[in-house]
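Here is the structure we will look at, set down as C-alpha cells.
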Amino acid sequence: LSIRRRGQFDGHVVVITDAPEERYDGVFDENVIVLKANEDDILYDYFQAPSMKYKRFKTLLIKYINSVPELDSIDWLYYMDIDMMLGAPFMDMILELRTKYDIDSAHDADSALYFFKDLHAEEFALNGGFMIINRHSSGL
C-alpha cells in the first residue's frame with residue numbers, strides 16, 4: 001500500500017475484493033478494512049471485458065462503506081483504483097484539492113462527486129481512478 005509508505009496516511013483504508021479472505025490475512029494494519037464483494041454485485045457474465053466487472057464497484061462504494069459501522073462518522077471518501085501509486089503525502093494532496101476546488105462548501109449540495117483531469121491524456125479526459133465523494137450527499 002503506497003498510501004501507507006509514501007503517502008504517510010494512517011487513517012482507514014477499505015479494500016473491496018472478490019479474493020479469498022485468507023489472501024489478506026496478516027498483510028495489512030488494523031486500519032485497513034477488507035470487505036468481501038457480494039457475489040450478486042460482481043455480475044461475472046454481464047460485461048465482456050473482464051476488468052469491467054470490477055470497475056462497477058465504484059458505483060457501489062457508498063453501499064459497502066455504509067455496511068461498516070466504525071466508518072459512520074466519515075463524511076468524505078477518497079477513492080483510488082488499486083493500481084494508483086502515491087509518491088508524496090496523501091493528505092497534502094487532499095488538502096490542496098479541497099482548497100483548489102472549494103470542496104468543503106459542498107456539504108449542503110444535493111450531490112458531491114469530484115473527478116479530476118487525467119494528466120496523461122492528450123485531450124481533456126476525466127480520470128475515474130481517483131474521486132472524492134461526500135457520502136452523505138448521495139441520498140443513500
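Chain identifiers are assigned as A, B, and so on, following the order in which chains appear in the C-alpha cells; residues are numbered from 1 within each chain, and ligands are numbered from 1 in order of appearance.
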- [ ] Going by DSSP on the backbone, which bits of chain A are helix (DSSP H, G or I)? Write them as number ranges by chain, please.
- [x] A: 21-24, 39-42, 52-65, 69-71, 90-100, 103-108, 135-137
Task: Which residue of A:Asp104, A:Asp81, A:Asp40, A:Asp18 approaches A:Ile133 most closely, using only C-alpha atoms - done: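 Nearest to A:Ile133: A:Asp104.
Excluding stretch 33-39 of chain A itself and any same-chain residue fewer than 5 positions from it, the protein and nucleic acid residues within 7 Å of it, counting only C-alpha atoms, are A:Val13, A:Val14, A:Val15, A:Ile16, A:Thr17, A:Asp18.
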So that I have them on file, write out the residues from the current selection with C-alpha atoms, as a PDB file, in the first residue's frame.
```pdb
ATOM      1  CA  VAL A  13      -8.439   2.258   4.076  1.00  0.00           C
ATOM      2  CA  VAL A  14     -11.175  -0.002   2.688  1.00  0.00           C
ATOM      3  CA  VAL A  15     -10.378  -2.750   0.190  1.00  0.00           C
ATOM      4  CA  ILE A  16     -13.323  -4.332  -1.653  1.00  0.00           C
ATOM      5  CA  THR A  17     -12.302  -7.658  -3.149  1.00  0.00           C
ATOM      6  CA  ASP A  18     -13.564 -10.944  -4.516  1.00  0.00           C
TER       7      ASP A  18
END
```
Open item on the list: Quick one: residues within 12 Å of A:Asp29, only C-alpha atoms, excluding same-chain residues fewer than 6 positions away - as JSON, numbers by chain?
Closed with: {"A": [1, 4, 9, 10, 11, 12, 13, 14]}
Open item on the list: Based on the backbone DSSP call, show me all residues of stretch 35-116 of chain A assigned strand (DSSP E), as a list in words.
Closed with: Leu35, Lys36, Trp76, Leu77, Tyr78, Tyr79, Met80, Leu113, Tyr114, Phe115 and Phe116 of chain A
Write out, as a PDB file, in the first residue's frame, the residues just selected, with N, CA and C atoms.
```
ATOM      1  N   LEU A  35     -13.311  -5.824   2.724  1.00  0.00           N
ATOM      2  CA  LEU A  35     -14.706  -6.212   2.557  1.00  0.00           C
ATOM      3  C   LEU A  35     -14.827  -7.184   1.400  1.00  0.00           C
ATOM      4  N   LYS A  36     -15.474  -8.281   1.647  1.00  0.00           N
ATOM      5  CA  LYS A  36     -15.718  -9.283   0.614  1.00  0.00           C
ATOM      6  C   LYS A  36     -16.862  -8.801  -0.279  1.00  0.00           C
ATOM      7  N   TRP A  76     -16.336  12.317   3.995  1.00  0.00           N
ATOM      8  CA  TRP A  76     -15.695  12.372   2.681  1.00  0.00           C
ATOM      9  C   TRP A  76     -14.945  11.089   2.397  1.00  0.00           C
ATOM     10  N   LEU A  77     -15.192  10.530   1.224  1.00  0.00           N
ATOM     11  CA  LEU A  77     -14.499   9.320   0.781  1.00  0.00           C
ATOM     12  C   LEU A  77     -13.536   9.699  -0.330  1.00  0.00           C
ATOM     13  N   TYR A  78     -12.357   9.143  -0.259  1.00  0.00           N
ATOM     14  CA  TYR A  78     -11.356   9.352  -1.304  1.00  0.00           C
ATOM     15  C   TYR A  78     -11.123   8.003  -1.955  1.00  0.00           C
ATOM     16  N   TYR A  79     -11.560   7.870  -3.195  1.00  0.00           N
ATOM     17  CA  TYR A  79     -11.464   6.599  -3.911  1.00  0.00           C
ATOM     18  C   TYR A  79     -10.227   6.611  -4.792  1.00  0.00           C
ATOM     19  N   MET A  80      -9.463   5.529  -4.723  1.00  0.00           N
ATOM     20  CA  MET A  80      -8.318   5.338  -5.610  1.00  0.00           C
ATOM     21  C   MET A  80      -8.355   3.926  -6.164  1.00  0.00           C
ATOM     22  N   LEU A 113     -19.583  14.893  -5.941  1.00  0.00           N
ATOM     23  CA  LEU A 113     -18.695  13.891  -6.513  1.00  0.00           C
ATOM     24  C   LEU A 113     -17.701  14.626  -7.400  1.00  0.00           C
ATOM     25  N   TYR A 114     -16.423  14.441  -7.131  1.00  0.00           N
ATOM     26  CA  TYR A 114     -15.382  15.149  -7.869  1.00  0.00           C
ATOM     27  C   TYR A 114     -14.484  14.164  -8.596  1.00  0.00           C
ATOM     28  N   PHE A 115     -14.297  14.398  -9.895  1.00  0.00           N
ATOM     29  CA  PHE A 115     -13.328  13.687 -10.718  1.00  0.00           C
ATOM     30  C   PHE A 115     -12.275  14.699 -11.136  1.00  0.00           C
ATOM     31  N   PHE A 116     -11.149  14.212 -11.623  1.00  0.00           N
ATOM     32  CA  PHE A 116     -10.067  15.118 -11.984  1.00  0.00           C
ATOM     33  C   PHE A 116      -9.524  14.772 -13.360  1.00  0.00           C
TER      34      PHE A 116
END
```
